[in-house]
>>> print(open('upload-v5.pdb').read())   # PDB, C-alpha atoms, pLDDT in the B column
ATOM      1  CA  MET A   1     -14.463   3.073 -19.669  1.00 84.00           C
ATOM      2  CA  GLU A   2     -15.424   6.625 -20.511  1.00 87.00           C
ATOM      3  CA  LEU A   3     -13.870  10.062 -20.742  1.00 91.00           C
ATOM      4  CA  LEU A   4     -15.552  12.258 -18.155  1.00 89.00           C
ATOM      5  CA  PRO A   5     -15.878  15.995 -18.756  1.00 91.00           C
ATOM      6  CA  VAL A   6     -14.447  17.884 -15.762  1.00 93.00           C
ATOM      7  CA  GLY A   7     -14.623  21.587 -16.528  1.00 95.00           C
ATOM      8  CA  PRO A   8     -12.882  22.060 -19.880  1.00 96.00           C
ATOM      9  CA  LEU A   9     -10.938  18.781 -19.566  1.00 95.00           C
ATOM     10  CA  ARG A  10     -11.770  15.255 -20.727  1.00 95.00           C
ATOM     11  CA  VAL A  11     -10.547  12.950 -17.952  1.00 95.00           C
ATOM     12  CA  LEU A  12      -9.854   9.216 -18.007  1.00 94.00           C
ATOM     13  CA  PHE A  13     -10.070   7.694 -14.552  1.00 92.00           C
ATOM     14  CA  VAL A  14      -8.043   4.520 -13.980  1.00 93.00           C
ATOM     15  CA  MET A  15      -8.341   1.983 -11.164  1.00 90.00           C
ATOM     16  CA  ALA A  16      -6.491  -1.280 -10.584  1.00 87.00           C
ATOM     17  CA  ALA A  17      -9.360  -3.572  -9.608  1.00 85.00           C
ATOM     18  CA  PRO A  18     -13.168  -3.500  -9.397  1.00 83.00           C
ATOM     19  CA  VAL A  19     -12.979  -3.942  -5.609  1.00 79.00           C
ATOM     20  CA  GLU A  20     -11.640  -0.356  -5.400  1.00 78.00           C
ATOM     21  CA  PHE A  21     -14.662   0.938  -7.315  1.00 77.00           C
ATOM     22  CA  GLY A  22     -17.449   1.355  -4.732  1.00 79.00           C
ATOM     23  CA  ALA A  23     -21.086   2.288  -5.220  1.00 83.00           C
ATOM     24  CA  CYS A  24     -20.546   6.039  -4.780  1.00 83.00           C
ATOM     25  CA  LEU A  25     -17.977   6.158  -7.566  1.00 82.00           C
ATOM     26  CA  GLN A  26     -20.037   3.833  -9.767  1.00 85.00           C
ATOM     27  CA  ALA A  27     -22.765   6.483  -9.795  1.00 87.00           C
ATOM     28  CA  LEU A  28     -20.295   9.065 -11.161  1.00 87.00           C
ATOM     29  CA  PHE A  29     -18.192   7.404 -13.864  1.00 88.00           C
ATOM     30  CA  ARG A  30     -16.873   4.204 -15.450  1.00 90.00           C
ATOM     31  CA  PRO A  31     -13.096   3.951 -15.049  1.00 92.00           C
ATOM     32  CA  LEU A  32     -10.595   1.899 -16.976  1.00 93.00           C
ATOM     33  CA  ILE A  33      -9.849  -1.153 -14.797  1.00 92.00           C
ATOM     34  CA  CYS A  34      -6.162  -1.628 -15.599  1.00 92.00           C
ATOM     35  CA  GLY A  35      -5.085  -4.521 -13.378  1.00 88.00           C
ATOM     36  CA  VAL A  36      -2.798  -4.819 -10.375  1.00 83.00           C
ATOM     37  CA  GLY A  37       0.915  -4.113 -10.722  1.00 80.00           C
ATOM     38  CA  PRO A  38       2.987  -1.582 -12.635  1.00 80.00           C
ATOM     39  CA  VAL A  39       3.638  -3.729 -15.716  1.00 84.00           C
ATOM     40  CA  GLU A  40       0.073  -4.959 -16.185  1.00 87.00           C
ATOM     41  CA  SER A  41      -1.379  -1.490 -15.589  1.00 88.00           C
ATOM     42  CA  ALA A  42       1.111   0.200 -17.958  1.00 90.00           C
ATOM     43  CA  ILE A  43       0.281  -2.265 -20.735  1.00 93.00           C
ATOM     44  CA  ASN A  44      -3.479  -1.936 -20.262  1.00 94.00           C
ATOM     45  CA  VAL A  45      -3.494   1.873 -19.994  1.00 94.00           C
ATOM     46  CA  THR A  46      -1.289   2.144 -23.093  1.00 94.00           C
ATOM     47  CA  ARG A  47      -3.578  -0.238 -24.994  1.00 95.00           C
ATOM     48  CA  ALA A  48      -6.662   1.757 -23.959  1.00 95.00           C
ATOM     49  CA  LEU A  49      -5.112   5.114 -24.896  1.00 94.00           C
ATOM     50  CA  ALA A  50      -3.991   3.784 -28.282  1.00 95.00           C
ATOM     51  CA  GLY A  51      -7.525   2.558 -28.995  1.00 93.00           C
ATOM     52  CA  LEU A  52      -9.307   5.837 -28.272  1.00 91.00           C
ATOM     53  CA  ALA A  53     -10.506   8.015 -31.137  1.00 90.00           C
ATOM     54  CA  SER A  54      -9.452  11.095 -29.156  1.00 90.00           C
ATOM     55  CA  ARG A  55      -7.088  11.131 -26.218  1.00 92.00           C
ATOM     56  CA  PRO A  56      -7.998  12.464 -22.776  1.00 95.00           C
ATOM     57  CA  ASP A  57      -6.567  15.743 -21.518  1.00 96.00           C
ATOM     58  CA  LEU A  58      -5.795  14.131 -18.169  1.00 93.00           C
ATOM     59  CA  VAL A  59      -5.421  10.595 -16.799  1.00 92.00           C
ATOM     60  CA  VAL A  60      -6.196  10.211 -13.081  1.00 89.00           C
ATOM     61  CA  SER A  61      -5.262   7.026 -11.254  1.00 86.00           C
ATOM     62  CA  LEU A  62      -7.476   6.290  -8.259  1.00 84.00           C
ATOM     63  CA  GLY A  63      -6.797   3.677  -5.601  1.00 78.00           C
ATOM     64  CA  SER A  64      -4.503   2.747  -2.766  1.00 70.00           C
ATOM     65  CA  ALA A  65      -1.370   2.011  -4.820  1.00 66.00           C
ATOM     66  CA  GLY A  66      -0.919  -1.044  -2.603  1.00 65.00           C
ATOM     67  CA  SER A  67      -0.761   0.886   0.645  1.00 69.00           C
ATOM     68  CA  ALA A  68      -2.358  -0.542   3.767  1.00 69.00           C
ATOM     69  CA  ARG A  69      -1.824   2.731   5.667  1.00 76.00           C
ATOM     70  CA  LEU A  70      -3.469   5.411   3.536  1.00 75.00           C
ATOM     71  CA  VAL A  71      -6.672   6.902   4.889  1.00 76.00           C
ATOM     72  CA  LYS A  72      -9.565   6.164   2.531  1.00 71.00           C
ATOM     73  CA  THR A  73     -11.222   9.135   0.794  1.00 73.00           C
ATOM     74  CA  GLN A  74      -8.100  11.292   1.153  1.00 75.00           C
ATOM     75  CA  VAL A  75      -6.140  12.722  -1.766  1.00 76.00           C
ATOM     76  CA  TYR A  76      -2.398  12.099  -1.956  1.00 75.00           C
ATOM     77  CA  GLN A  77       0.269  13.193  -4.384  1.00 76.00           C
ATOM     78  CA  ALA A  78       3.143  10.787  -4.852  1.00 73.00           C
ATOM     79  CA  ALA A  79       6.554  12.298  -4.144  1.00 76.00           C
ATOM     80  CA  SER A  80       8.431   9.107  -5.003  1.00 72.00           C
ATOM     81  CA  VAL A  81       7.755   5.631  -6.323  1.00 66.00           C
ATOM     82  CA  SER A  82       9.495   2.386  -5.448  1.00 65.00           C
ATOM     83  CA  TRP A  83       9.051  -1.229  -6.452  1.00 63.00           C
ATOM     84  CA  ARG A  84       8.027  -3.840  -3.904  1.00 62.00           C
ATOM     85  CA  ASP A  85       6.142  -7.090  -3.917  1.00 64.00           C
ATOM     86  CA  MET A  86       2.702  -6.986  -2.372  1.00 66.00           C
ATOM     87  CA  ASP A  87       0.068  -9.365  -1.137  1.00 70.00           C
ATOM     88  CA  ALA A  88      -2.961  -8.726  -3.362  1.00 72.00           C
ATOM     89  CA  SER A  89      -4.902 -11.767  -2.095  1.00 76.00           C
ATOM     90  CA  ALA A  90      -7.555  -9.450  -0.625  1.00 75.00           C
ATOM     91  CA  LEU A  91      -8.305  -8.387  -4.208  1.00 72.00           C
ATOM     92  CA  GLY A  92      -8.819 -12.011  -5.245  1.00 77.00           C
ATOM     93  CA  PHE A  93      -5.334 -12.727  -6.587  1.00 74.00           C
ATOM     94  CA  ARG A  94      -3.328 -15.809  -5.576  1.00 75.00           C
ATOM     95  CA  ARG A  95      -0.232 -15.251  -3.473  1.00 70.00           C
ATOM     96  CA  ALA A  96       2.894 -15.883  -5.524  1.00 61.00           C
TER      97      ALA A  96
END
>>> encode(input="upload-v5.pdb", output="structure tokens")
Amino acid sequence: MELLPVGPLRVLFVMAAPVEFGACLQALFRPLICGVGPVESAINVTRALAGLASRPDLVVSLGSAGSARLVKTQVYQAASVSWRDMDASALGFRRA
């Protein structure tokens, strides 16, 4: 994990799982891998932020947010958030 300078800002990039972090992105930065799911990711991002000597100016979450319909490489802004169970077996997690 590293804070990446983007213009005048120090940015922390966050991703749920290594499978979302392809070779092109690996050449640019090292994100915080926070885990799949809102509770696990909230705990891990909070832990990482608390452990930093200086906090980032911006935290950017990259990934699909569990969607099977989003077009890869596009940028989306969430207008709402809802809870739902998901099948994360493609990411190497057992089905519950």
>>> residues_around(input="upload-v5.pdb", residues="Pro8 (chain A)", least_positions_apart="3", cutoff="10 Å", atoms="only C-alpha atoms", output="list in words")
Pro5, Val11 and Asp57 of chain A
>>> resolve_selection(input="upload-v5.pdb", expression="the PyMOL selection byres ((chain A and resi 58) around 12)", output="VMD selection string")
chain A and resid 3 to 14 49 54 to 57 59 to 61
>>> resolve_selection(input="upload-v5.pdb", expression="the PyMOL selection byres ((chain A and resi 75) around 12)", output="PyMOL selection string")
chain A and resi 60-64+70-74+76-78
>>> closest_residue(input="upload-v5.pdb", among="A:Met1, A:Val19, A:Ala48, A:Ala88", to="Val36 (chain A)", atoms="all atoms listed in the file")
A:Ala88
>>> closest_residue(input="upload-v5.pdb", among="A:Leu52, A:Ala17, A:Ala90, A:Ala27", to="Glu40 (chain A)", atoms="all atoms listed in the file")
A:Ala17
>>> residues_around(input="upload-v5.pdb", residues="Pro18 (chain A)", least_positions_apart="6", cutoff="10 Å", atoms="only C-alpha atoms", output="PyMOL selection string")
chain A and resi 31-35+91
>>> write_last_selection(input="upload-v5.pdb", atoms="C-alpha atoms", output="JSON list (two decimals), keeping the file's coordinate frame")
[["chain", "number", "residue", "atom", "x", "y", "z"],
["A", 31, "PRO", "CA", -13.10, 3.95, -15.05],
["A", 32, "LEU", "CA", -10.60, 1.90, -16.98],
["A", 33, "ILE", "CA", -9.85, -1.15, -14.80],
["A", 34, "CYS", "CA", -6.16, -1.63, -15.60],
["A", 35, "GLY", "CA", -5.08, -4.52, -13.38],
["A", 91, "LEU", "CA", -8.30, -8.39, -4.21]]
>>> axis_aligned_box(input="upload-v5.pdb", around="region 53-61 of chain A", padding_each_side="5 Å", output="AutoDock Vina command-line options")
--center_x -7.9 --center_y 11.4 --center_z -21.2 --size_x 15.2 --size_y 18.7 --size_z 29.9
>>> atom_distance(input="upload-v5.pdb", atom1="CA of Cys24 (chain A)", atom2="CA of Ala79 (chain A)")
27.8 Å
>>> closest_residue(input="upload-v5.pdb", among="A:Leu28, A:Gly92, A:Met15, A:Asp87", to="Ala42 (chain A)", atoms="only C-alpha atoms")
A:Met15
>>> atom_distance(input="upload-v5.pdb", atom1="CA of Ala16 (chain A)", atom2="CA of Ser41 (chain A)")
7.2 Å
>>> atom_distance(input="upload-v5.pdb", atom1="CA of Arg47 (chain A)", atom2="CA of Glu2 (chain A)")
14.4 Å
